[in-house]
$ cat work_28.cif   # mmCIF, C-alpha atoms
data_my_file
#
loop_
_atom_site.label_atom_id
_atom_site.label_comp_id
_atom_site.auth_asym_id
_atom_site.auth_seq_id
_atom_site.Cartn_x
_atom_site.Cartn_y
_atom_site.Cartn_z
CA MET M 16 -17.90 -41.24 -0.63
CA ARG M 17 -20.46 -39.67 -2.98
CA ILE M 18 -18.72 -38.37 -6.10
CA LEU M 19 -19.92 -36.52 -9.20
CA ILE M 20 -17.83 -36.44 -12.39
CA ILE M 21 -18.80 -33.82 -14.99
CA ALA M 22 -17.36 -34.73 -18.40
CA ALA M 23 -18.80 -33.88 -21.81
CA PHE M 24 -16.67 -36.63 -23.37
CA PHE M 25 -17.36 -40.08 -21.95
CA PRO M 26 -17.93 -43.62 -23.25
CA PRO M 27 -19.37 -44.83 -25.49
CA LYS M 28 -17.78 -41.84 -27.27
CA ASN M 29 -14.50 -43.19 -28.64
CA ALA M 30 -12.04 -40.39 -27.89
CA VAL M 31 -8.90 -39.90 -25.85
CA ALA M 32 -10.84 -37.31 -23.85
CA SER M 33 -13.32 -40.00 -22.73
CA HIS M 34 -10.76 -42.33 -21.20
CA ARG M 35 -9.54 -40.00 -18.44
CA PRO M 36 -12.90 -39.48 -16.67
CA TYR M 37 -13.95 -43.07 -17.35
CA SER M 38 -10.95 -44.39 -15.44
CA TRP M 39 -11.94 -42.29 -12.43
CA ALA M 40 -15.50 -43.62 -12.51
CA LYS M 41 -14.34 -47.21 -12.98
CA TYR M 42 -11.69 -47.37 -10.29
CA TRP M 43 -13.47 -45.20 -7.74
CA SER M 44 -16.65 -47.27 -8.03
CA ASP M 45 -14.56 -50.47 -7.85
CA ALA M 46 -13.19 -49.14 -4.55
CA GLY M 47 -16.74 -48.90 -3.17
CA HIS M 48 -17.55 -45.24 -3.75
CA ASP M 49 -20.93 -44.00 -4.98
CA VAL M 50 -20.03 -42.46 -8.34
CA THR M 51 -22.29 -40.50 -10.69
CA VAL M 52 -21.21 -39.22 -14.12
CA PHE M 53 -22.93 -36.31 -15.84
CA THR M 54 -22.19 -36.23 -19.56
CA THR M 55 -23.65 -35.33 -22.94
CA GLU M 56 -26.25 -37.46 -24.64
CA LYS M 57 -24.44 -39.62 -27.21
CA VAL M 58 -25.34 -40.41 -30.79
CA PRO M 59 -24.57 -44.06 -31.64
CA SER M 60 -21.57 -44.61 -33.90
CA PHE M 61 -19.89 -47.70 -35.33
CA ASP M 62 -16.65 -46.94 -33.50
CA ASP M 63 -18.24 -46.55 -30.05
CA SER M 64 -16.23 -48.01 -27.20
CA THR M 65 -17.66 -50.91 -25.20
CA TYR M 66 -16.49 -49.92 -21.74
CA ASP M 67 -18.56 -51.31 -18.87
CA CYS M 68 -20.44 -48.52 -17.09
CA SER M 69 -22.60 -50.75 -14.90
CA GLY M 70 -20.71 -49.96 -11.69
CA PHE M 71 -21.78 -46.31 -11.55
CA LYS M 72 -24.65 -44.03 -12.56
CA VAL M 73 -24.52 -42.11 -15.84
CA LEU M 74 -26.78 -39.08 -16.29
CA THR M 75 -27.02 -37.35 -19.66
CA ALA M 76 -28.43 -34.19 -21.18
CA TYR M 77 -28.63 -33.24 -24.82
CA TRP M 78 -26.63 -30.59 -26.60
CA LEU M 79 -27.51 -28.96 -29.91
CA PRO M 80 -25.26 -30.73 -32.43
CA GLN M 81 -26.36 -34.15 -31.25
CA GLN M 82 -30.01 -33.25 -31.50
CA ILE M 83 -29.41 -32.13 -35.08
CA GLN M 84 -27.59 -35.38 -35.87
CA LYS M 85 -30.56 -37.35 -34.56
CA LEU M 86 -33.01 -35.62 -36.88
CA ASN M 87 -34.76 -38.44 -38.72
CA VAL M 88 -38.20 -39.83 -39.45
CA ARG M 89 -39.80 -42.25 -37.00
CA GLY M 90 -43.27 -43.67 -37.21
CA VAL M 91 -44.47 -41.35 -39.98
CA GLU M 92 -45.94 -42.72 -43.18
CA GLY M 93 -47.05 -41.57 -46.61
CA ALA M 94 -47.16 -37.91 -47.59
CA GLU M 95 -46.48 -36.76 -44.03
CA ARG M 96 -43.26 -38.80 -44.01
CA ALA M 97 -42.21 -37.30 -47.34
CA ARG M 98 -42.89 -33.78 -46.06
CA GLN M 99 -40.89 -34.42 -42.90
CA SER M 100 -38.03 -35.94 -44.88
CA ALA M 101 -37.90 -32.81 -47.02
CA ALA M 102 -37.87 -30.69 -43.86
CA VAL M 103 -35.05 -32.75 -42.45
CA ARG M 104 -33.09 -32.36 -45.67
CA PHE M 105 -33.70 -28.59 -45.59
CA VAL M 106 -32.46 -28.34 -41.99
CA LYS M 107 -29.39 -30.37 -42.87
CA ARG M 108 -28.61 -28.04 -45.77
CA ILE M 109 -28.83 -25.05 -43.46
CA VAL M 110 -26.63 -26.72 -40.88
CA ASN M 111 -24.03 -27.67 -43.48
CA SER M 112 -23.98 -24.09 -44.79
CA LEU M 113 -23.44 -22.75 -41.30
CA LEU M 114 -20.71 -25.30 -40.65
CA THR M 115 -18.92 -24.21 -43.80
CA VAL M 116 -18.91 -20.63 -42.54
CA VAL M 117 -17.72 -21.37 -39.00
CA THR M 118 -15.11 -23.98 -39.97
CA SER M 119 -12.94 -21.29 -41.55
CA ILE M 120 -12.50 -19.54 -38.17
CA GLN M 121 -12.95 -22.58 -35.96
CA GLY M 122 -9.44 -23.93 -36.33
CA ARG M 123 -7.83 -20.57 -35.73
CA TYR M 124 -9.74 -19.44 -32.65
CA GLY M 125 -11.14 -22.66 -31.16
CA ILE M 126 -14.73 -21.42 -31.10
CA PHE M 127 -17.62 -23.84 -31.70
CA LEU M 128 -15.34 -26.65 -30.53
CA ALA M 129 -14.74 -27.76 -26.95
CA GLN M 130 -11.99 -25.22 -26.29
CA ARG M 131 -13.22 -21.62 -26.45
CA ARG M 132 -16.51 -19.77 -26.26
CA PRO M 133 -18.86 -19.37 -27.99
CA ASP M 134 -19.15 -23.14 -28.18
CA LEU M 135 -21.94 -25.61 -28.78
CA PHE M 136 -22.45 -26.81 -25.21
CA PHE M 137 -24.77 -24.09 -23.93
CA LEU M 138 -27.83 -26.39 -24.00
CA TRP M 139 -25.92 -29.07 -22.10
CA GLU M 140 -24.99 -26.52 -19.45
CA TYR M 141 -28.59 -25.27 -19.27
CA ASN M 142 -30.02 -28.79 -19.00
CA ALA M 143 -27.64 -29.63 -16.17
CA LYS M 144 -29.95 -27.68 -13.88
CA ARG M 145 -32.83 -29.94 -14.87
CA VAL M 146 -30.91 -33.21 -14.70
CA LEU M 147 -28.90 -32.53 -11.54
CA GLY M 148 -31.09 -29.98 -9.76
CA GLN M 149 -31.47 -30.88 -6.09
CA ARG M 150 -30.87 -34.53 -6.92
CA SER M 151 -28.18 -35.08 -4.33
CA THR M 152 -25.18 -33.69 -2.54
CA TRP M 153 -21.64 -34.88 -3.12
CA ASP M 154 -18.47 -35.12 -1.10
CA PHE M 155 -16.64 -33.82 -4.12
CA VAL M 156 -17.30 -32.88 -7.73
CA ILE M 157 -14.64 -33.06 -10.42
CA SER M 158 -15.23 -31.33 -13.75
CA THR M 159 -12.95 -31.78 -16.73
CA HIS M 160 -12.32 -29.12 -19.38
CA GLY M 161 -13.17 -28.79 -22.26
CA PRO M 162 -15.70 -27.62 -22.72
CA SER M 163 -15.73 -24.86 -20.13
CA ALA M 164 -19.41 -25.64 -19.54
CA SER M 165 -18.29 -28.49 -17.28
CA HIS M 166 -16.62 -25.99 -14.94
CA SER M 167 -19.66 -23.70 -15.04
CA ILE M 168 -21.90 -26.58 -13.95
CA ALA M 169 -19.54 -27.51 -11.11
CA TYR M 170 -19.31 -23.86 -10.02
CA HIS M 171 -23.09 -23.61 -9.60
CA LEU M 172 -23.19 -26.86 -7.62
CA LYS M 173 -20.49 -25.58 -5.28
CA LYS M 174 -22.20 -22.19 -4.97
CA LYS M 175 -25.49 -23.88 -3.98
CA GLY M 176 -23.72 -25.98 -1.35
CA LEU M 177 -24.39 -29.26 -3.17
CA THR M 178 -20.75 -30.34 -2.93
CA LYS M 179 -18.10 -29.98 -0.25
CA ARG M 180 -15.22 -29.77 -2.72
CA TRP M 181 -14.78 -28.98 -6.39
CA ILE M 182 -11.73 -29.96 -8.41
CA ALA M 183 -11.33 -28.29 -11.82
CA ASP M 184 -9.48 -30.63 -14.17
CA TYR M 185 -7.86 -29.37 -17.37
CA ARG M 186 -7.08 -31.79 -20.18
CA ASP M 187 -6.36 -28.58 -22.09
CA LEU M 188 -6.06 -25.11 -20.62
CA TRP M 189 -8.86 -22.64 -21.19
CA THR M 190 -7.84 -18.98 -21.38
CA ASP M 191 -4.17 -19.94 -21.66
CA ASN M 192 -4.99 -22.43 -24.38
CA TYR M 193 -2.45 -22.94 -27.10
CA PRO M 194 -3.11 -22.75 -29.98
CA TYR M 195 -6.65 -21.47 -29.52
CA SER M 196 -6.39 -17.85 -28.39
CA GLY M 197 -10.13 -17.24 -28.59
CA LEU M 198 -12.08 -14.65 -30.54
CA TRP M 199 -12.44 -11.04 -29.47
CA PRO M 200 -14.51 -9.90 -27.59
CA PHE M 201 -15.50 -13.37 -26.32
CA ASN M 202 -11.96 -13.99 -25.03
CA LEU M 203 -12.31 -10.99 -22.70
CA TYR M 204 -15.49 -12.50 -21.30
CA GLU M 205 -13.78 -15.90 -20.96
CA ASP M 206 -10.90 -14.37 -19.00
CA TRP M 207 -13.37 -12.81 -16.56
CA LEU M 208 -15.50 -15.96 -16.38
CA GLU M 209 -12.66 -18.38 -15.66
CA LYS M 210 -11.41 -16.17 -12.82
CA LYS M 211 -14.91 -15.98 -11.41
CA LEU M 212 -15.48 -19.74 -11.60
CA LEU M 213 -12.16 -20.78 -10.12
CA ARG M 214 -12.68 -18.66 -7.03
CA LYS M 215 -15.02 -21.45 -5.94
CA ALA M 216 -12.65 -24.29 -6.88
CA ASP M 217 -10.72 -26.06 -4.13
CA ALA M 218 -7.95 -27.27 -6.43
CA ALA M 219 -7.09 -27.69 -10.10
CA THR M 220 -5.37 -30.51 -11.97
CA THR M 221 -3.86 -30.75 -15.44
CA VAL M 222 -1.96 -33.22 -17.57
CA SER M 223 1.65 -32.00 -17.53
CA ALA M 224 4.03 -30.06 -15.30
CA PRO M 225 4.50 -27.17 -17.77
CA LEU M 226 0.74 -26.70 -18.07
CA ALA M 227 0.43 -26.87 -14.28
CA LYS M 228 2.98 -24.08 -13.97
CA THR M 229 1.07 -21.93 -16.46
CA LEU M 230 -2.14 -22.48 -14.50
CA GLN M 231 -0.42 -21.85 -11.17
CA ASP M 232 1.10 -18.59 -12.42
CA ARG M 233 -2.35 -17.37 -13.44
CA TYR M 234 -4.00 -18.48 -10.18
CA PRO M 235 -1.33 -18.33 -7.46
CA ASN M 236 -3.82 -18.93 -4.62
CA LEU M 237 -5.27 -22.09 -6.16
CA PRO M 238 -3.56 -25.43 -5.42
CA VAL M 239 -2.59 -26.94 -8.80
CA PHE M 240 -1.49 -30.55 -9.31
CA THR M 241 -0.16 -32.55 -12.24
CA VAL M 242 -2.02 -35.78 -13.02
CA GLU M 243 -0.94 -37.08 -16.40
CA ASN M 244 -3.06 -39.16 -18.74
CA GLY M 245 -2.33 -42.86 -18.93
CA PHE M 246 -3.10 -46.21 -20.50
CA GLU M 247 -5.27 -49.17 -19.60
CA PRO M 248 -3.41 -52.53 -19.58
CA GLU M 249 -6.72 -54.41 -19.75
CA ASP M 250 -7.38 -52.92 -23.19
CA LEU M 251 -4.28 -54.64 -24.56
CA SER M 252 -4.99 -58.02 -22.98
CA THR M 253 -8.28 -58.38 -24.84
CA LEU M 254 -6.90 -57.81 -28.35
CA SER M 255 -6.90 -60.50 -31.01
CA GLU M 256 -3.67 -62.48 -31.19
CA HIS M 257 -3.76 -62.42 -34.99
CA ARG M 258 -1.51 -59.88 -36.70
CA PHE M 259 -3.35 -57.00 -38.30
CA PHE M 260 -0.81 -56.59 -41.10
CA PRO M 261 0.40 -59.27 -43.51
CA GLU M 262 3.97 -60.49 -43.17
CA ASP M 263 5.04 -59.05 -46.51
CA GLY M 264 8.27 -57.32 -45.55
CA ILE M 265 6.73 -53.83 -45.73
CA ILE M 266 7.81 -51.48 -42.93
CA ARG M 267 4.69 -49.71 -41.71
CA ILE M 268 4.78 -46.35 -39.94
CA VAL M 269 1.40 -45.65 -38.34
CA TYR M 270 -0.29 -42.55 -36.99
CA THR M 271 -3.61 -43.05 -35.19
CA GLY M 272 -6.04 -40.26 -34.42
CA TRP M 273 -7.18 -36.92 -35.74
CA ILE M 274 -4.61 -34.53 -37.19
CA GLN M 275 -5.22 -30.85 -36.41
CA TRP M 276 -3.68 -29.60 -39.60
CA GLY M 277 -1.25 -26.73 -39.31
CA LEU M 278 -0.61 -27.65 -35.68
CA ARG M 279 0.77 -31.15 -36.18
CA ASP M 280 2.92 -31.62 -39.24
CA PRO M 281 4.42 -34.84 -40.69
CA SER M 282 6.57 -32.85 -43.14
CA PRO M 283 9.93 -33.88 -41.56
CA LEU M 284 9.03 -37.55 -42.06
CA PHE M 285 7.78 -36.94 -45.59
CA ALA M 286 10.97 -35.02 -46.41
CA ALA M 287 13.08 -37.92 -45.13
CA ILE M 288 11.12 -40.39 -47.27
CA ARG M 289 11.61 -38.13 -50.28
CA THR M 290 15.36 -38.23 -49.60
CA LEU M 291 15.37 -42.02 -49.67
CA GLU M 292 13.13 -42.10 -52.74
CA SER M 293 15.52 -39.73 -54.56
CA GLU M 294 18.42 -42.02 -53.65
CA ARG M 295 16.50 -45.01 -55.00
CA ARG M 296 15.79 -43.27 -58.29
CA THR M 297 19.38 -42.05 -58.61
CA ALA M 298 20.58 -45.63 -58.16
CA TYR M 299 18.10 -46.78 -60.86
CA GLN M 300 16.49 -49.24 -58.47
CA SER M 301 13.21 -50.44 -59.94
CA ALA M 302 11.64 -51.75 -56.76
CA PRO M 303 9.95 -49.11 -54.59
CA LEU M 304 10.93 -48.63 -50.98
CA GLY M 305 9.47 -51.33 -48.74
CA LEU M 306 7.72 -48.65 -46.75
CA GLU M 307 4.18 -47.46 -46.02
CA VAL M 308 2.93 -44.58 -43.88
CA LEU M 309 -0.61 -45.14 -42.62
CA PHE M 310 -2.90 -42.49 -41.16
CA VAL M 311 -5.67 -44.11 -39.13
CA GLY M 312 -8.43 -41.62 -38.46
CA PRO M 313 -10.68 -39.17 -40.28
CA PRO M 314 -9.31 -38.76 -43.83
CA THR M 315 -8.15 -35.30 -44.85
CA ASP M 316 -7.19 -33.77 -48.18
CA ALA M 317 -4.23 -32.13 -46.43
CA VAL M 318 -2.43 -35.48 -46.01
CA ARG M 319 -2.89 -36.31 -49.68
CA GLU M 320 -1.78 -32.85 -50.77
CA LEU M 321 1.30 -32.93 -48.54
CA ALA M 322 2.29 -36.36 -49.85
CA SER M 323 1.88 -35.01 -53.37
CA HIS M 324 4.02 -31.99 -52.53
CA PHE M 325 6.86 -34.29 -51.45
CA ASP M 326 6.18 -36.64 -54.39
CA ILE M 327 5.72 -39.69 -52.16
CA GLU M 328 2.01 -40.45 -52.74
CA GLN M 329 2.76 -44.13 -53.33
CA TYR M 330 4.03 -44.49 -49.77
CA VAL M 331 1.16 -42.73 -47.94
CA ARG M 332 -2.27 -44.18 -47.27
CA GLN M 333 -5.25 -43.02 -45.23
CA VAL M 334 -7.18 -45.82 -43.54
CA GLY M 335 -10.15 -43.91 -42.11
CA VAL M 336 -11.87 -44.26 -38.75
CA VAL M 337 -11.71 -47.66 -37.03
CA THR M 338 -12.93 -49.05 -33.73
CA ARG M 339 -10.81 -48.53 -30.64
CA SER M 340 -9.83 -52.19 -30.41
CA THR M 341 -8.73 -52.14 -34.04
CA ALA M 342 -6.69 -48.99 -33.47
CA LEU M 343 -4.93 -50.64 -30.51
CA GLN M 344 -4.24 -53.74 -32.59
CA ILE M 345 -2.81 -51.60 -35.38
CA GLN M 346 -0.57 -49.81 -32.89
CA ARG M 347 0.66 -53.12 -31.49
CA ASP M 348 1.41 -54.61 -34.93
CA ALA M 349 2.92 -51.55 -36.63
CA ASP M 350 6.69 -51.30 -37.08
CA ILE M 351 6.86 -47.65 -35.98
CA LEU M 352 4.31 -45.38 -34.32
CA LEU M 353 4.36 -41.78 -35.50
CA PHE M 354 3.77 -39.18 -32.80
CA LEU M 355 3.35 -35.65 -34.14
CA GLU M 356 4.22 -32.87 -31.75
CA TRP M 357 2.44 -29.54 -31.57
CA LYS M 358 3.81 -26.49 -33.29
CA SER M 359 3.80 -24.64 -29.99
CA ASN M 360 6.20 -21.70 -30.30
CA GLY M 361 8.08 -22.82 -27.21
CA GLN M 362 5.09 -23.79 -25.04
CA GLN M 363 5.97 -27.08 -23.33
CA GLY M 364 3.72 -29.85 -22.04
CA LEU M 365 1.35 -29.93 -25.01
CA PHE M 366 0.91 -33.53 -26.04
CA SER M 367 -1.95 -35.87 -26.72
CA GLY M 368 -2.85 -38.59 -24.25
CA LYS M 369 -2.21 -40.96 -27.15
CA ILE M 370 1.49 -40.93 -26.23
CA PHE M 371 0.73 -43.20 -23.26
CA GLU M 372 -1.13 -45.71 -25.41
CA TYR M 373 1.85 -45.67 -27.75
CA MET M 374 4.25 -46.23 -24.85
CA SER M 375 2.33 -49.33 -23.76
CA SER M 376 1.97 -50.82 -27.26
CA GLY M 377 5.35 -52.54 -27.54
CA THR M 378 6.02 -50.67 -30.79
CA GLU M 379 8.80 -48.12 -31.23
CA ILE M 380 7.67 -44.47 -31.15
CA TRP M 381 9.08 -41.77 -33.41
CA ALA M 382 8.26 -38.29 -32.12
CA ILE M 383 8.51 -35.81 -34.98
CA GLY M 384 7.83 -32.14 -35.65
CA GLY M 385 6.70 -29.47 -33.23
CA ALA M 386 8.94 -27.36 -31.05
CA ASN M 387 11.15 -30.07 -29.55
CA ASP M 388 9.03 -30.47 -26.40
CA VAL M 389 11.25 -31.74 -23.60
CA SER M 390 8.18 -33.22 -21.89
CA VAL M 391 7.63 -35.64 -24.76
CA ALA M 392 11.35 -36.38 -25.05
CA GLU M 393 11.51 -37.19 -21.33
CA LEU M 394 8.55 -39.57 -21.49
CA ILE M 395 10.00 -41.48 -24.43
CA GLN M 396 13.51 -41.55 -23.03
CA LYS M 397 12.59 -42.63 -19.50
CA SER M 398 10.16 -45.28 -20.72
CA ASN M 399 12.71 -46.53 -23.29
CA THR M 400 10.00 -46.73 -25.93
CA GLY M 401 11.32 -44.81 -28.90
CA LYS M 402 13.20 -41.89 -30.40
CA HIS M 403 12.67 -38.13 -30.39
CA PHE M 404 13.61 -36.50 -33.71
CA ALA M 405 11.92 -33.09 -33.59
CA ASN M 406 12.56 -31.66 -37.10
CA ASN M 407 15.86 -33.38 -37.89
CA VAL M 408 15.20 -34.70 -41.41
CA ASP M 409 18.71 -36.14 -41.83
CA LEU M 410 18.42 -38.16 -38.64
CA ILE M 411 14.99 -39.47 -39.62
CA ALA M 412 16.33 -40.49 -43.04
CA ALA M 413 19.26 -42.31 -41.43
CA GLU M 414 16.92 -44.26 -39.14
CA LEU M 415 14.68 -45.12 -42.09
CA ARG M 416 17.66 -46.50 -44.03
CA SER M 417 18.61 -48.59 -41.04
CA ILE M 418 15.20 -50.13 -40.51
CA LEU M 419 14.66 -50.72 -44.25
CA GLU M 420 18.01 -52.49 -44.54
CA ARG M 421 17.15 -54.67 -41.57
CA GLY M 422 13.59 -55.27 -42.76
CA LEU M 423 12.44 -56.21 -39.29
CA LYS M 424 10.58 -54.48 -36.50
CA ARG M 425 13.03 -53.22 -33.91
CA PRO M 426 12.16 -54.74 -30.51
CA VAL M 427 11.23 -52.39 -27.69
CA VAL M 428 12.22 -53.26 -24.14
CA PRO M 429 10.33 -50.68 -22.05
CA ASP M 430 11.07 -49.71 -18.48
CA ASN M 431 7.99 -51.36 -16.98
CA GLU M 432 8.53 -49.79 -13.57
CA TYR M 433 8.42 -46.34 -15.15
CA LEU M 434 5.45 -47.27 -17.35
CA HIS M 435 3.47 -48.44 -14.32
CA ARG M 436 3.27 -44.82 -13.19
CA PHE M 437 0.95 -44.18 -16.11
CA THR M 438 -1.60 -46.95 -15.72
CA ARG M 439 -5.10 -45.55 -15.51
CA LYS M 440 -5.59 -47.18 -12.12
CA ASN M 441 -2.53 -45.50 -10.67
CA LYS M 442 -3.56 -42.11 -12.04
CA ALA M 443 -7.11 -42.57 -10.72
CA GLU M 444 -5.74 -43.27 -7.25
CA ILE M 445 -3.62 -40.11 -7.36
CA MET M 446 -6.58 -38.04 -8.54
CA PHE M 447 -8.75 -39.45 -5.76
CA ARG M 448 -6.22 -38.46 -3.08
CA ILE M 449 -6.14 -34.91 -4.44
CA ALA M 450 -9.90 -34.60 -4.88
CA SER M 451 -10.96 -36.17 -1.57
CA GLN M 452 -8.55 -34.24 0.62
CA GLY M 453 -10.64 -32.64 3.35
CA ALA M 454 -13.95 -33.73 1.79
CA LEU M 455 -15.01 -35.62 4.92
CA LYS M 456 -14.31 -32.75 7.32
#

$ encode --input "work_28.cif" --output "structure tokens"
Amino acid sequence: MRILIIAAFFPPKNAVASHRPYSWAKYWSDAGHDVTVFTTEKVPSFDDSTYDCSGFKVLTAYWLPQQIQKLNVRGVEGAERARQSAAVRFVKRIVNSLLTVVTSIQGRYGIFLAQRRPDLFFLWEYNAKRVLGQRSTWDFVISTHGPSASHSIAYHLKKKGLTKRWIADYRDLWTDNYPYSGLWPFNLYEDWLEKKLLRKADAATTVSAPLAKTLQDRYPNLPVFTVENGFEPEDLSTLSEHRFFPEDGIIRIVYTGWIQWGLRDPSPLFAAIRTLESERRTAYQSAPLGLEVLFVGPPTDAVRELASHFDIEQYVRQVGVVTRSTALQIQRDADILLFLEWKSNGQQGLFSGKIFEYMSSGTEIWAIGGANDVSVAELIQKSNTGKHFANNVDLIAAELRSILERGLKRPVVPDNEYLHRFTRKNKAEIMFRIASQGALK
């Protein structure tokens, strides 16, 4: 079959959002299908993934932020080079000033991200016409949101008769997105636009049953399926056998990834550590707790400030961005993996695809914060890979005492039969059955 995948996030971009469409391309091409991926043009980064894309075609088009990032001086000498460097510096100052302005509303409304419009993918959407054009026809196209530009591109392909079927995939919902409600009056336009686009879709998929229900309630005539994220066993088999951390008796609690501050909150853990630290000081124990909380990802002042608020700065450290293989090694060798739930006001099914990597790591998961999402609790319970604490500070403190007294990593014996459901290969096969249904008629 001839298949087109439209995904703004794709390797070598190192992001959870890249892994889902990559697994489709990998396993569908391995099965003998003619797969093409249309994605954004990537700017090289030290933490790029090294996934093999040789088995399928990858087409790219630029989008504004990446073109700005690539502003530099090539092949220009002398005074002309100096003038161009000054121009580049001037443009960068303007861009930084604009970013400062939009960042204040970005986190609240989701605009200028990959969630709500206006976003920064309009040039990518426009250039899709040039790159794809009348290039080919496909048995089915699958577009993954966000950004919503991916669905707009797929809509136009379906409208022109260039694909027999279109499947609209949602890693995150669009107009029903929590926590990004959109900005008036753009959210009114988005509501109209999503309805218009999905009239051409043959089916929709999303990453959890609660989100599928929300989507189905909005579009009762559209078949909606749940296809969760997953993990890639091959990623684990290629890791170095050497331990990342020294064997120094320190219990290390690790969080990997970006923290959307105000939406994911480690306060219950920090409060529990403060409880134990107060007990230590009351008992006049000179030695600090044999404990360290590591945040692996983009550093943020909010983590430092929160640690200071709870007076536990000595136990909290930010590592910064690392390569994907290093992040997986850290997850494997940590004593506890911290999973922060969304503050979702009762909305269920909101969880990062990182939970599946955690489940496959062999390290115990502690799910903390949020609104006590039963979807997360069910995953952890059925896979036998950790504990779900929600906001119970006393229970977290009790577990910390236990593991500190033992001084050893608690072994995890996962339910491998249950975990197998979430291998990327298995999920790709399920997605293919949904997407290809009726495509050959």

$ residues_around --input "work_28.cif" --residues "Ser367 (chain M)" --least-positions-apart "5" --cutoff "10 Å" --atoms "only C-alpha atoms" --output "VMD selection string"
chain M and resid 31 to 32 186 to 187 222 244 272 354 to 357 372 391

$ resolve_selection --input "work_28.cif" --expression "the PyMOL selection byres ((chain M and resi 255) around 12)" --output "list of chain:residue names"
M:Asp250, M:Leu251, M:Ser252, M:Thr253, M:Leu254, M:Glu256, M:His257, M:Arg258, M:Phe259, M:Ser340, M:Thr341, M:Ala342, M:Leu343, M:Gln344, M:Ile345, M:Arg347, M:Asp348

$ closest_residue --input "work_28.cif" --among "M:Lys442, M:Thr221, M:Ala287, M:Tyr42" --to "Glu414 (chain M)" --atoms "all atoms listed in the file"
M:Ala287

$ resolve_selection --input "work_28.cif" --expression "the PyMOL selection byres ((chain M and resi 238) around 8)" --output "ChimeraX atom specification"
/M:217-219,231,235-237,239-240

$ residues_around --input "work_28.cif" --residues "Asp326 (chain M)" --least-positions-apart "2" --cutoff "12 Å" --atoms "only C-alpha atoms" --output "PDB file with C-alpha atoms, in the frame of the given file"
ATOM      1  CA  SER M 282       6.570 -32.850 -43.140  1.00  0.00           C
ATOM      2  CA  PHE M 285       7.780 -36.940 -45.590  1.00  0.00           C
ATOM      3  CA  ALA M 286      10.970 -35.020 -46.410  1.00  0.00           C
ATOM      4  CA  ALA M 287      13.080 -37.920 -45.130  1.00  0.00           C
ATOM      5  CA  ILE M 288      11.120 -40.390 -47.270  1.00  0.00           C
ATOM      6  CA  ARG M 289      11.610 -38.130 -50.280  1.00  0.00           C
ATOM      7  CA  THR M 290      15.360 -38.230 -49.600  1.00  0.00           C
ATOM      8  CA  LEU M 291      15.370 -42.020 -49.670  1.00  0.00           C
ATOM      9  CA  GLU M 292      13.130 -42.100 -52.740  1.00  0.00           C
ATOM     10  CA  SER M 293      15.520 -39.730 -54.560  1.00  0.00           C
ATOM     11  CA  ARG M 319      -2.890 -36.310 -49.680  1.00  0.00           C
ATOM     12  CA  GLU M 320      -1.780 -32.850 -50.770  1.00  0.00           C
ATOM     13  CA  LEU M 321       1.300 -32.930 -48.540  1.00  0.00           C
ATOM     14  CA  ALA M 322       2.290 -36.360 -49.850  1.00  0.00           C
ATOM     15  CA  SER M 323       1.880 -35.010 -53.370  1.00  0.00           C
ATOM     16  CA  HIS M 324       4.020 -31.990 -52.530  1.00  0.00           C
ATOM     17  CA  GLU M 328       2.010 -40.450 -52.740  1.00  0.00           C
ATOM     18  CA  GLN M 329       2.760 -44.130 -53.330  1.00  0.00           C
ATOM     19  CA  TYR M 330       4.030 -44.490 -49.770  1.00  0.00           C
ATOM     20  CA  VAL M 331       1.160 -42.730 -47.940  1.00  0.00           C
TER      21      VAL M 331
END

$ residues_around --input "work_28.cif" --residues "Leu138 (chain M)" --least-positions-apart "2" --cutoff "10 Å" --atoms "all atoms listed in the file" --output "list in words"
Thr55, Ala76, Tyr77, Trp78, Leu79, Pro80, Leu135, Phe136, Glu140, Tyr141, Asn142, Ala143 and Ala164 of chain M

$ residues_around --input "work_28.cif" --residues "Asp263 (chain M)" --least-positions-apart "5" --cutoff "12 Å" --atoms "only C-alpha atoms" --output "list in words"
Arg258, Gly305, Leu306, Glu307, Gly422 and Leu423 of chain M

$ atom_distance --input "work_28.cif" --atom1 "CA of Asn29 (chain M)" --atom2 "CA of Pro59 (chain M)"
10.5 Å

$ residues_around --input "work_28.cif" --residues "Arg332 (chain M)" --least-positions-apart "6" --cutoff "7 Å" --atoms "only C-alpha atoms" --output "ChimeraX atom specification"
/M:308-310

$ write_last_selection --input "work_28.cif" --atoms "C-alpha atoms" --output "compact mmCIF listing (two decimals), keeping the file's coordinate frame"
# COMPACT_ATOMS: atom_id res chain seq x y z
CA VAL M 308 2.93 -44.58 -43.88
CA LEU M 309 -0.61 -45.14 -42.62
CA PHE M 310 -2.90 -42.49 -41.16

$ atom_distance --input "work_28.cif" --atom1 "CA of Tyr270 (chain M)" --atom2 "CA of Asn406 (chain M)"
16.8 Å

$ resolve_selection --input "work_28.cif" --expression "the PyMOL selection byres ((chain M and resi 157) around 8)" --output "MDAnalysis selection string"
chainID M and resid 18:21 155:156 158:159 169 181:184 450

$ closest_residue --input "work_28.cif" --among "M:Arg339, M:Lys28, M:Arg425, M:His166" --to "Thr271 (chain M)" --atoms "all atoms listed in the file"
M:Arg339

$ closest_residue --input "work_28.cif" --among "M:Pro313, M:Pro36, M:Pro225, M:Pro26" --to "Asp191 (chain M)" --atoms "all atoms listed in the file"
M:Pro225

$ atom_distance --input "work_28.cif" --atom1 "CA of Gly335 (chain M)" --atom2 "CA of Val311 (chain M)"
5.4 Å

$ closest_residue --input "work_28.cif" --among "M:Lys41, M:Arg123, M:Arg35, M:Lys174" --to "Tyr193 (chain M)" --atoms "all atoms listed in the file"
M:Arg123
